[in-house]
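Visitor: Pasting input_37.txt below, which is compact mmCIF, C-alpha atoms.
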# COMPACT_ATOMS: atom_id res chain seq x y z
CA MET A 29 2.53 -14.04 18.25
CA GLU A 30 -1.17 -13.37 18.05
CA LYS A 31 -3.81 -15.44 16.31
CA ALA A 32 -7.43 -14.66 15.49
CA ALA A 33 -10.27 -17.19 15.71
CA PHE A 34 -13.52 -16.58 13.84
CA GLU A 35 -17.16 -17.56 13.88
CA ASN A 36 -19.48 -17.15 10.90
CA SER A 37 -21.30 -13.84 10.80
CA ILE A 38 -22.66 -11.16 8.48
CA LEU A 39 -21.21 -7.67 8.37
CA LYS A 40 -23.88 -4.98 8.39
CA GLY A 41 -23.79 -1.30 9.32
CA SER A 42 -21.56 1.73 8.88
CA VAL A 43 -17.91 2.35 9.60
CA SER A 44 -15.53 5.24 8.90
CA MET A 45 -12.41 4.38 6.94
CA PRO A 46 -9.01 5.29 8.41
CA ALA A 47 -6.78 7.94 6.86
CA SER A 48 -5.04 6.94 3.65
CA LYS A 49 -1.58 5.60 4.39
CA SER A 50 -0.43 6.47 0.87
CA VAL A 51 -1.49 10.09 1.17
CA ALA A 52 -0.14 10.44 4.71
CA HIS A 53 3.39 9.28 3.82
CA ARG A 54 3.62 11.88 1.08
CA ALA A 55 2.07 14.72 3.06
CA LEU A 56 4.41 14.11 6.01
CA ILE A 57 7.45 14.49 3.75
CA CYS A 58 6.10 17.63 2.09
CA SER A 59 5.29 19.09 5.50
CA PHE A 60 8.83 18.29 6.64
CA LEU A 61 10.27 20.18 3.66
CA ALA A 62 7.89 23.07 4.32
CA SER A 63 9.22 23.23 7.91
CA ARG A 64 5.78 24.13 9.26
CA GLY A 65 2.18 22.92 9.15
CA THR A 66 0.35 19.84 10.36
CA VAL A 67 -0.79 16.58 8.78
CA SER A 68 -3.91 14.90 10.17
CA PRO A 69 -5.52 12.52 10.78
CA LEU A 70 -2.72 9.96 10.71
CA GLY A 71 -3.86 6.98 12.72
CA ASP A 72 -1.32 4.76 14.45
CA SER A 73 -0.16 2.32 11.80
CA LYS A 74 3.39 1.01 11.99
CA ASP A 75 4.19 2.24 8.49
CA ILE A 76 3.22 5.82 9.27
CA ARG A 77 5.12 5.66 12.54
CA ALA A 78 8.15 4.48 10.53
CA THR A 79 7.98 7.56 8.31
CA GLN A 80 7.47 9.88 11.28
CA SER A 81 10.47 8.30 13.03
CA ALA A 82 12.62 8.57 9.89
CA LEU A 83 11.79 12.25 9.53
CA LYS A 84 12.66 12.84 13.19
CA SER A 85 15.99 11.11 12.62
CA LEU A 86 16.68 13.37 9.63
CA LYS A 87 15.78 16.45 11.65
CA LYS A 88 18.15 15.40 14.42
CA GLU A 89 20.83 14.56 11.81
CA GLU A 90 21.15 11.01 13.14
CA SER A 91 23.40 8.62 11.26
CA ILE A 92 21.06 5.61 11.29
CA ILE A 93 17.49 5.56 10.01
CA ASN A 94 15.38 2.49 10.75
CA CYS A 95 12.53 2.13 8.24
CA ALA A 96 11.04 -0.84 10.15
CA GLU A 97 9.04 -2.91 7.61
CA SER A 98 7.88 0.02 5.47
CA GLY A 99 8.94 -0.07 1.83
CA SER A 100 7.32 3.32 1.28
CA THR A 101 9.37 4.86 4.07
CA LEU A 102 12.61 3.47 2.67
CA ARG A 103 12.03 4.45 -0.95
CA PHE A 104 10.71 7.91 -0.07
CA ILE A 105 13.27 8.83 2.58
CA VAL A 106 16.45 7.70 0.79
CA PRO A 107 16.15 10.41 -1.94
CA LEU A 108 15.13 12.93 0.73
CA ALA A 109 18.22 12.21 2.81
CA ALA A 110 20.32 12.47 -0.36
CA ALA A 111 18.71 15.81 -1.26
CA LEU A 112 19.66 17.08 2.20
CA GLY A 113 23.23 15.83 1.73
CA ARG A 114 23.12 13.48 4.72
CA ASN A 115 25.45 10.56 5.34
CA VAL A 116 23.05 7.92 6.58
CA CYS A 117 22.80 4.16 7.07
CA PHE A 118 19.32 2.79 6.33
CA THR A 119 18.14 -0.32 8.16
CA GLY A 120 14.89 -2.25 8.36
CA THR A 121 13.11 -5.26 9.83
CA GLY A 122 10.97 -8.15 8.60
CA ARG A 123 11.32 -8.72 4.86
CA LEU A 124 12.34 -5.12 4.13
CA PRO A 125 16.10 -5.86 4.09
CA LEU A 126 15.41 -8.43 1.36
CA ARG A 127 13.27 -6.22 -0.85
CA PRO A 128 14.81 -4.80 -4.05
CA ILE A 129 16.82 -1.56 -3.94
CA ASP A 130 18.54 -1.93 -7.31
CA GLU A 131 17.05 1.26 -8.71
CA PHE A 132 18.85 3.33 -6.06
CA LEU A 133 22.12 1.69 -7.06
CA ASN A 134 21.41 2.55 -10.69
CA PHE A 135 20.54 6.24 -10.45
CA LEU A 136 21.90 7.67 -7.19
CA PRO A 137 25.64 7.21 -7.98
CA LYS A 138 25.10 9.04 -11.29
CA HIS A 139 23.85 12.06 -9.34
CA GLY A 140 26.45 12.58 -6.64
CA VAL A 141 25.38 9.97 -4.08
CA LYS A 142 27.52 6.98 -3.11
CA CYS A 143 25.77 3.80 -2.02
CA LYS A 144 27.32 1.04 0.04
CA THR A 145 25.39 -2.21 0.34
CA GLU A 146 25.78 -5.94 0.00
CA GLY A 147 22.60 -6.12 -2.03
CA GLY A 148 19.91 -5.04 0.44
CA LEU A 149 19.70 -3.33 3.80
CA PRO A 150 21.66 -2.06 5.56
CA MET A 151 22.57 0.52 2.94
CA GLU A 152 24.78 3.53 3.54
CA ILE A 153 24.53 6.66 1.43
CA SER A 154 26.81 9.70 1.33
CA GLY A 155 27.05 12.82 -0.79
CA LYS A 156 24.45 15.30 -1.99
CA LEU A 157 21.86 14.62 -4.65
CA GLU A 158 22.50 16.54 -7.88
CA SER A 159 19.89 17.55 -10.42
CA GLY A 160 19.79 16.20 -13.95
CA ILE A 161 18.19 13.39 -15.91
CA PHE A 162 17.18 10.33 -13.89
CA GLU A 163 16.55 7.13 -15.82
CA VAL A 164 14.25 4.88 -13.82
CA ASN A 165 12.45 1.62 -14.58
CA GLY A 166 8.70 2.12 -14.42
CA ASN A 167 7.82 -1.52 -13.84
CA VAL A 168 9.81 -2.24 -10.66
CA SER A 169 8.13 0.00 -8.09
CA SER A 170 6.46 3.37 -8.46
CA GLN A 171 7.83 4.19 -4.99
CA TYR A 172 11.24 5.04 -6.50
CA ILE A 173 9.58 7.60 -8.75
CA THR A 174 7.57 9.04 -5.87
CA GLY A 175 10.73 9.36 -3.77
CA LEU A 176 12.38 11.42 -6.50
CA LEU A 177 9.28 13.52 -7.17
CA LEU A 178 9.04 14.45 -3.50
CA SER A 179 12.71 15.45 -3.20
CA LEU A 180 13.89 16.85 -6.55
CA PRO A 181 11.87 20.09 -6.31
CA TYR A 182 13.90 20.92 -3.17
CA ILE A 183 17.37 20.80 -4.76
CA LYS A 184 19.06 23.32 -7.05
CA GLY A 185 18.72 22.85 -10.78
CA ASN A 186 16.00 21.36 -12.94
CA SER A 187 15.56 17.61 -13.25
CA GLU A 188 13.79 15.12 -15.44
CA ILE A 189 12.66 11.58 -14.77
CA HIS A 190 12.83 9.39 -17.86
CA LEU A 191 10.96 6.09 -17.57
CA THR A 192 12.88 3.33 -19.31
CA THR A 193 9.91 0.93 -19.15
CA PRO A 194 6.14 1.56 -19.01
CA LEU A 195 4.97 2.82 -15.63
CA GLN A 196 2.96 0.40 -13.51
CA SER A 197 0.95 1.44 -10.43
CA LYS A 198 0.60 4.89 -11.98
CA PRO A 199 -2.24 5.84 -9.59
CA TYR A 200 0.30 5.89 -6.75
CA VAL A 201 2.37 8.44 -8.66
CA ASP A 202 -0.84 10.40 -9.31
CA ILE A 203 -1.36 10.56 -5.53
CA THR A 204 2.15 12.01 -5.24
CA LEU A 205 1.46 14.65 -7.89
CA LYS A 206 -1.80 15.61 -6.15
CA VAL A 207 -0.12 16.03 -2.76
CA LEU A 208 2.77 17.98 -4.31
CA LYS A 209 0.30 20.30 -6.04
CA ASP A 210 -1.47 20.86 -2.72
CA TYR A 211 1.87 21.98 -1.28
CA GLY A 212 2.46 24.39 -4.17
CA ILE A 213 4.99 22.25 -6.08
CA THR A 214 5.00 22.20 -9.88
CA VAL A 215 5.73 19.02 -11.83
CA GLU A 216 5.11 18.57 -15.55
CA GLU A 217 4.12 15.14 -16.77
CA THR A 218 5.59 14.15 -20.13
CA LYS A 219 5.02 11.22 -22.47
CA ASN A 220 7.73 9.16 -20.82
CA GLY A 221 8.28 10.77 -17.45
CA TYR A 222 8.28 14.03 -15.53
CA ILE A 223 9.97 17.45 -15.58
CA ILE A 224 10.73 18.83 -12.12
CA PRO A 225 11.88 22.45 -11.71
CA GLY A 226 14.37 22.81 -8.86
CA ASN A 227 14.63 25.15 -5.88
CA GLN A 228 10.87 25.21 -5.28
CA LYS A 229 9.26 26.15 -1.97
CA TYR A 230 6.82 23.86 -0.19
CA ASN A 231 3.81 25.72 1.19
CA ASN A 232 3.24 25.80 4.96
CA ILE A 233 -0.25 24.31 5.24
CA ASP A 234 -2.35 22.19 7.57
CA TYR A 235 -3.08 19.10 5.51
CA TYR A 236 -6.18 16.89 5.82
CA VAL A 237 -5.63 13.21 4.95
CA GLU A 238 -8.57 11.58 3.20
CA GLY A 239 -9.89 8.07 3.86
CA ASP A 240 -8.19 4.92 2.58
CA TRP A 241 -9.76 3.08 -0.36
CA SER A 242 -7.37 0.13 -0.11
CA GLN A 243 -8.73 -0.71 3.34
CA ALA A 244 -12.30 -0.25 2.13
CA ALA A 245 -11.77 -3.13 -0.29
CA PHE A 246 -11.87 -5.74 2.50
CA PHE A 247 -15.22 -4.60 3.88
CA MET A 248 -16.65 -4.23 0.37
CA SER A 249 -15.58 -7.81 -0.32
CA ALA A 250 -17.38 -8.98 2.82
CA ALA A 251 -20.52 -7.09 1.83
CA ALA A 252 -20.41 -8.36 -1.75
CA VAL A 253 -20.29 -12.00 -0.60
CA GLY A 254 -23.03 -11.69 1.99
CA GLY A 255 -23.69 -8.43 3.79
CA GLU A 256 -24.51 -4.74 3.56
CA VAL A 257 -21.93 -2.19 4.62
CA THR A 258 -21.71 1.60 4.35
CA LEU A 259 -18.15 2.91 4.34
CA GLU A 260 -17.74 6.53 5.35
CA ASN A 261 -14.94 9.07 4.83
CA LEU A 262 -14.23 8.08 1.21
CA ASN A 263 -13.72 10.55 -1.63
CA TYR A 264 -14.53 9.10 -5.06
CA ASN A 265 -12.71 12.03 -6.69
CA SER A 266 -9.54 10.87 -4.96
CA ALA A 267 -6.33 10.17 -6.88
CA GLN A 268 -6.16 6.80 -5.09
CA GLY A 269 -6.26 4.06 -7.70
CA ASP A 270 -7.89 1.64 -5.27
CA LYS A 271 -11.15 3.55 -5.58
CA SER A 272 -11.61 1.24 -8.59
CA VAL A 273 -12.76 -1.33 -6.01
CA VAL A 274 -16.18 0.16 -6.77
CA ASP A 275 -15.97 -1.00 -10.39
CA VAL A 276 -14.37 -4.33 -9.42
CA MET A 277 -17.15 -5.26 -7.00
CA ARG A 278 -19.79 -4.21 -9.51
CA LYS A 279 -18.08 -6.42 -12.08
CA PHE A 280 -18.29 -9.34 -9.64
CA GLY A 281 -22.03 -8.64 -9.33
CA ALA A 282 -22.33 -6.71 -6.07
CA GLU A 283 -24.58 -3.71 -5.70
CA VAL A 284 -22.52 -0.57 -5.03
CA VAL A 285 -23.99 2.89 -4.47
CA LEU A 286 -21.98 6.12 -4.13
CA LYS A 287 -23.41 8.97 -2.09
CA ASP A 288 -21.60 12.02 -0.76
CA ASN A 289 -18.48 10.70 1.01
CA CYS A 290 -19.95 7.24 1.56
CA VAL A 291 -20.07 3.97 -0.34
CA LEU A 292 -22.84 1.42 0.19
CA CYS A 293 -22.05 -2.15 -0.85
CA LYS A 294 -24.61 -4.97 -0.82
CA LYS A 295 -24.58 -8.69 -1.43
CA GLY A 296 -24.90 -9.78 -5.03
CA SER A 297 -24.96 -12.92 -7.12
CA LEU A 298 -21.23 -13.10 -7.75
CA ARG A 299 -19.60 -14.34 -10.94
CA GLY A 300 -15.94 -14.84 -11.79
CA ILE A 301 -14.04 -12.09 -13.59
CA GLU A 302 -10.82 -11.46 -15.46
CA ILE A 303 -8.84 -8.51 -14.11
CA ASP A 304 -5.47 -6.87 -14.75
CA CYS A 305 -4.19 -5.60 -11.40
CA ARG A 306 -1.04 -3.79 -12.51
CA ASN A 307 -2.45 -0.49 -11.22
CA ILE A 308 -4.19 -1.92 -8.14
CA PRO A 309 -1.81 -4.57 -6.75
CA ASP A 310 -2.80 -3.98 -3.11
CA MET A 311 -6.35 -5.06 -3.92
CA VAL A 312 -5.38 -8.55 -5.08
CA PRO A 313 -5.92 -10.32 -1.71
CA ALA A 314 -9.43 -8.85 -1.38
CA ILE A 315 -10.25 -9.64 -5.02
CA ALA A 316 -9.00 -13.21 -4.65
CA VAL A 317 -11.11 -13.90 -1.57
CA THR A 318 -14.18 -12.44 -3.27
CA ALA A 319 -13.51 -14.73 -6.23
CA ALA A 320 -13.57 -17.76 -3.91
CA PHE A 321 -17.30 -17.19 -3.38
CA ALA A 322 -18.18 -16.40 -7.00
CA LYS A 323 -19.54 -18.76 -9.64
CA GLY A 324 -17.00 -19.51 -12.31
CA LYS A 325 -13.30 -18.89 -12.82
CA THR A 326 -11.48 -15.66 -11.92
CA VAL A 327 -8.19 -14.77 -13.61
CA ILE A 328 -5.92 -12.20 -11.92
CA SER A 329 -2.92 -10.87 -13.86
CA GLY A 330 -0.41 -8.00 -13.91
CA ALA A 331 0.61 -8.29 -10.25
CA GLU A 332 4.19 -9.59 -10.53
CA ARG A 333 5.47 -7.08 -7.98
CA LEU A 334 3.38 -8.71 -5.27
CA ARG A 335 6.09 -11.33 -4.93
CA HIS A 336 8.27 -8.70 -3.24
CA LYS A 337 5.87 -7.29 -0.65
CA GLU A 338 5.61 -8.12 3.07
CA SER A 339 5.17 -11.65 1.81
CA ASP A 340 5.11 -13.20 -1.64
CA ARG A 341 1.44 -12.27 -1.82
CA ILE A 342 0.68 -14.33 -4.91
CA SER A 343 2.00 -17.47 -3.27
CA ALA A 344 0.50 -16.59 0.13
CA VAL A 345 -3.00 -15.97 -1.22
CA ALA A 346 -2.99 -19.03 -3.48
CA SER A 347 -1.67 -21.31 -0.73
CA ASN A 348 -4.28 -20.15 1.75
CA LEU A 349 -7.10 -20.48 -0.78
CA ARG A 350 -6.08 -24.08 -1.38
CA LEU A 351 -6.25 -24.68 2.38
CA THR A 352 -9.90 -23.62 2.23
CA GLY A 353 -10.66 -26.05 -0.59
CA VAL A 354 -10.56 -23.50 -3.40
CA SER A 355 -8.52 -24.25 -6.51
CA ALA A 356 -5.89 -21.52 -6.93
CA GLU A 357 -3.24 -21.92 -9.60
CA GLU A 358 -0.34 -19.49 -9.43
CA THR A 359 0.84 -17.71 -12.55
CA GLU A 360 3.85 -15.42 -12.87
CA GLY A 361 1.81 -12.30 -12.27
CA GLY A 362 -1.30 -13.55 -10.55
CA MET A 363 -3.48 -16.62 -10.23
CA ILE A 364 -6.41 -18.54 -11.64
CA ILE A 365 -9.11 -19.18 -9.05
CA THR A 366 -11.76 -21.85 -9.57
CA PRO A 367 -14.20 -22.11 -6.65
CA GLY A 368 -15.46 -25.46 -5.46
CA ASN A 369 -18.81 -26.24 -3.88
CA GLU A 370 -17.91 -24.54 -0.60
CA VAL A 371 -15.16 -22.66 1.20
CA LEU A 372 -13.85 -24.51 4.23
CA GLY A 373 -12.53 -23.18 7.50
CA ALA A 374 -8.82 -23.80 8.02
CA GLU A 375 -5.68 -22.80 9.91
CA ILE A 376 -4.63 -19.87 7.72
CA ASN A 377 -1.06 -18.59 7.58
CA GLY A 378 -1.02 -14.82 7.96
CA TYR A 379 2.58 -14.65 6.66
CA ASN A 380 3.09 -11.60 8.91
CA ASP A 381 1.30 -9.65 6.17
CA HIS A 382 -1.51 -7.27 7.06
CA ARG A 383 -3.34 -7.65 3.74
CA ILE A 384 -3.29 -11.45 3.89
CA VAL A 385 -4.78 -11.41 7.40
CA MET A 386 -7.52 -8.91 6.52
CA ALA A 387 -8.46 -10.73 3.32
CA PHE A 388 -8.87 -14.11 5.00
CA ALA A 389 -10.79 -12.53 7.87
CA VAL A 390 -13.38 -11.91 5.15
CA ALA A 391 -13.28 -15.54 4.00
CA ALA A 392 -13.76 -16.64 7.63
CA LEU A 393 -17.16 -14.92 7.72
CA PHE A 394 -18.64 -17.50 5.35
CA ALA A 395 -16.35 -20.53 5.55
CA LYS A 396 -17.75 -23.87 6.69
CA GLY A 397 -15.98 -24.81 9.90
CA LYS A 398 -13.56 -23.04 12.19
CA THR A 399 -11.05 -20.53 10.85
CA VAL A 400 -7.91 -19.44 12.69
CA ILE A 401 -5.42 -16.96 11.21
CA THR A 402 -1.85 -16.58 12.45
CA ASP A 403 0.06 -13.28 12.73
CA ALA A 404 -3.13 -11.39 13.49
CA ASN A 405 -1.13 -8.49 14.93
CA SER A 406 0.34 -7.76 11.48
CA ILE A 407 -2.71 -5.57 10.81
CA ASN A 408 -0.94 -2.95 12.95
CA LYS A 409 1.24 -2.21 9.93
CA SER A 410 -1.58 -0.38 8.18
CA TYR A 411 -4.94 -0.68 10.00
CA PRO A 412 -4.65 -1.31 13.76
CA GLU A 413 -8.40 -0.81 14.23
CA PHE A 414 -9.37 -3.43 11.65
CA PHE A 415 -10.66 -6.08 14.06
CA ASP A 416 -12.43 -3.44 16.16
CA ASP A 417 -14.28 -2.20 13.07
CA TYR A 418 -14.85 -5.76 11.86
CA ASN A 419 -16.54 -6.69 15.14
CA LYS A 420 -18.41 -3.39 15.27
CA LEU A 421 -20.08 -4.37 11.99
CA GLY A 422 -21.12 -7.73 13.42
CA GLY A 423 -18.03 -9.84 12.86
CA LYS A 424 -16.91 -12.38 15.43
CA ALA A 425 -13.14 -12.23 15.63
CA ASN A 426 -11.33 -13.19 18.80
CA VAL A 427 -7.67 -12.16 18.86
CA PHE A 428 -5.50 -14.02 21.37
CA SER A 429 -1.82 -14.36 22.20
CA VAL A 430 0.13 -17.55 21.62
CA ARG A 431 3.42 -18.41 23.28
CA ARG A 432 6.11 -19.38 20.80
Rewrite the structure from the file as structure tokens, please.

Guide:
Amino acid sequence: MEKAAFENSILKGSVSMPASKSVAHRALICSFLASRGTVSPLGDSKDIRATQSALKSLKKEESIINCAESGSTLRFIVPLAAALGRNVCFTGTGRLPLRPIDEFLNFLPKHGVKCKTEGGLPMEISGKLESGIFEVNGNVSSQYITGLLLSLPYIKGNSEIHLTTPLQSKPYVDITLKVLKDYGITVEETKNGYIIPGNQKYNNIDYYVEGDWSQAAFFMSAAAVGGEVTLENLNYNSAQGDKSVVDVMRKFGAEVVLKDNCVLCKKGSLRGIEIDCRNIPDMVPAIAVTAAFAKGKTVISGAERLRHKESDRISAVASNLRLTGVSAEETEGGMIITPGNEVLGAEINGYNDHRIVMAFAVAALFAKGKTVITDANSINKSYPEFFDDYNKLGGKANVFSVRR
């Protein structure tokens, strides 16, 4: 296990954001179905490596596909394997075997695919995906919808996705639609779902992956509390919902300036906010840490699905905030944060969750006393260069190994 120890510092300067993990997953699958073309840049995150490995396994017609800890990989590749008519056993590591897969068990058997599972991973599938009407819950995970949208254009016959509940995290589906359009795939959005013509051809293109707004949120949080950071390689016209971090930090009171493909964020006099995060759940850890340094109460809601991520992120964030002396009351879908007079350094539990570690690395910049965060290596899941960029901007993070 690795830990990270921190000294107080101010982040100042410029850094280029890594390629969007969300866009990369989708482009890799489209490129696979196109049979030719490249996708770059990709970076070296564990989640992207999981998707690359899964696609290689499909190409080699292997019988076992290990999705590591990547929920995106699992929920995108299962429909793809079914569309190809593969008999495959899906496995995973970390918390992935415990994460919900009920939607697969609801709609795949109705469309020619048998599923064998004891409630999680491993899960075996067999048969070939058939077109038709797919009824899918919209409030469980948008990843199920993305998995179908990526694969249904490939099979024979037209299909429809009918959402049985309102869609949450819609921006992630919008990313899917944008990538599909770039690859020449037609999907029609309806009032309650999507119409997907079958037997479409994916264009052979070399795809450029834009920068990641969800990772930008951590550095913007650090700048909002007490710094000045310019983040490069960000497209504000992106379909990524997490670009709303610009509006969130402005609402807190930070100064945010957009220019070309850069975002400048400066320290502001921060005040508590109320925010519904149903469309930006990945931003909750960064928002919560920012709130710890604001004046007044912050109320976060709409993030129920965070309880089924790499950790129970609502519980993880609230617990760690309390360790730093900040009042954080959990609710079903979020938390109520009431800052005290100061944020204290503490031994922070990283929960083997990349977003928890990165968020509390921001808190460590300004906390009174020493901060140590466990599971520092979990950043490799999405942003292996995080501590390098953090220190490049003036941070003082020392990552070290600990014998178990």

Visitor: Counting only C-alpha atoms, which of A:Asp304, A:Ala244, A:Val291, A:Phe34 gets nearest to Lys396 in chain A?

Guide: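 Closest residue, counting only C-alpha atoms: A:Phe34.
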
Visitor: As a PyMOL selection string, please: the residues near Val317 in chain A (cut-off 9 Å, only C-alpha atoms, same-chain neighbours under 6 positions excluded).

Guide: chain A and resi 249+345+349+387-388+390-391

Visitor: Would you mind reading off the distance between CA of Lys323 in chain A and CA of Val253 in chain A, one decimal, in Å?

Guide: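 We find that CA of Lys323 in chain A and CA of Val253 in chain A lie 11.3 Å from each other.
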
Visitor: Using all atoms listed in the file, find the one residue out of A:Glu188, A:Glu216, A:Glu357, A:Glu332 that sits nearest to Ser169 in chain A.

Guide: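 Looking at the shortest contact to Ser169 in chain A, the residue is A:Glu332.
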
Visitor: Which of these residues is nearest to Glu302 in chain A, using all atoms listed in the file: A:Val276, A:Ala109, A:Leu61, A:Ala320?

Guide: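 Smallest distance to Glu302 in chain A is found for A:Val276.
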
Visitor: In Å to one decimal, how far is CA of Val201 in chain A from CA of Gly155 in chain A?

Guide: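 For CA of Gly155 in chain A relative to CA of Val201 in chain A, the distance reads 26.3 Å.
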
Visitor: Using all atoms listed in the file, which residues sit within 10 Å of Cys58 in chain A once same-chain residues fewer than 5 positions away are excluded, as JSON, numbers by chain?

Guide: {"A": [52, 53, 63, 64, 65, 67, 178, 179, 182, 207, 208, 210, 211, 212, 213, 229, 230, 231, 232, 233, 235]}

Visitor: Could you give me, as a PyMOL selection string, the residues within 12 Å of Ile183 in chain A, counting only C-alpha atoms and dropping anything in the same chain fewer than 6 positions from it?

Guide: chain A and resi 61+107-113+139+156-160+176-177+224-230

Visitor: So what do you get for CA of Glu238 in chain A versus CA of Asn263 in chain A, distance-wise?

Guide: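 For CA of Glu238 in chain A relative to CA of Asn263 in chain A, the distance reads 7.1 Å.
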
Visitor: Around (19.9, 17.0, 9.5) in the file's frame, which residues reach within 9 Å when counting all atoms listed in the file? Return as a PDB file with C-alpha atoms, in the frame of the given file?

Guide:
ATOM      1  CA  SER A  85      15.990  11.110  12.620  1.00  0.00           C
ATOM      2  CA  LEU A  86      16.680  13.370   9.630  1.00  0.00           C
ATOM      3  CA  LYS A  87      15.780  16.450  11.650  1.00  0.00           C
ATOM      4  CA  LYS A  88      18.150  15.400  14.420  1.00  0.00           C
ATOM      5  CA  GLU A  89      20.830  14.560  11.810  1.00  0.00           C
ATOM      6  CA  GLU A  90      21.150  11.010  13.140  1.00  0.00           C
ATOM      7  CA  ALA A 109      18.220  12.210   2.810  1.00  0.00           C
ATOM      8  CA  LEU A 112      19.660  17.080   2.200  1.00  0.00           C
ATOM      9  CA  GLY A 113      23.230  15.830   1.730  1.00  0.00           C
ATOM     10  CA  ARG A 114      23.120  13.480   4.720  1.00  0.00           C
TER      11      ARG A 114
END

Visitor: Might you pull out every residue within 8 Å of Val430 in chain A, with only C-alpha atoms counted and same-chain residues fewer than 3 positions away left off, and present them as a count of residues only?

Guide: 3

Visitor: Could you name the residues that touch Pro46 in chain A at 7 Å or less, counting only C-alpha atoms, but leaving out those on the same chain fewer than 2 positions away, as number ranges by chain?

Guide: A: 44, 48, 71, 239-240

Visitor: I need the residue nearest Gly122 in chain A from this list: A:Leu149, A:Ile38, A:Ile92, A:Val257. Use all atoms listed in the file for the distance.

Guide: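 Distance minimum relative to Gly122 in chain A lands on A:Leu149.
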
Visitor: Can you work out which one of A:Leu262, A:Ala389, A:Leu334, A:Ala252 has the shortest atom-to-atom distance to Thr318 in chain A, counting all atoms listed in the file?

Guide: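 Using all atoms listed in the file, the shortest distance to Thr318 in chain A belongs to A:Ala252.
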
Visitor: Let me make sure I understand: among A:Cys305, A:Gly255, A:Ile328, A:Asp403, which one has the smallest atom-to-atom distance to Ser37 in chain A if we use all atoms listed in the file?

Guide: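 Checking each candidate against Ser37 in chain A, we get A:Gly255 as the closest.
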
Visitor: Please return, as a list in words, all polymer residues that have at least one atom within 8 Å of the point (-15.8, -26.6, 1.9); use only C-alpha atoms and the file's own coordinate frame.

Guide: Thr352, Gly353, Gly368, Asn369, Glu370, Val371, Leu372, Gly373, Ala395 and Lys396 of chain A
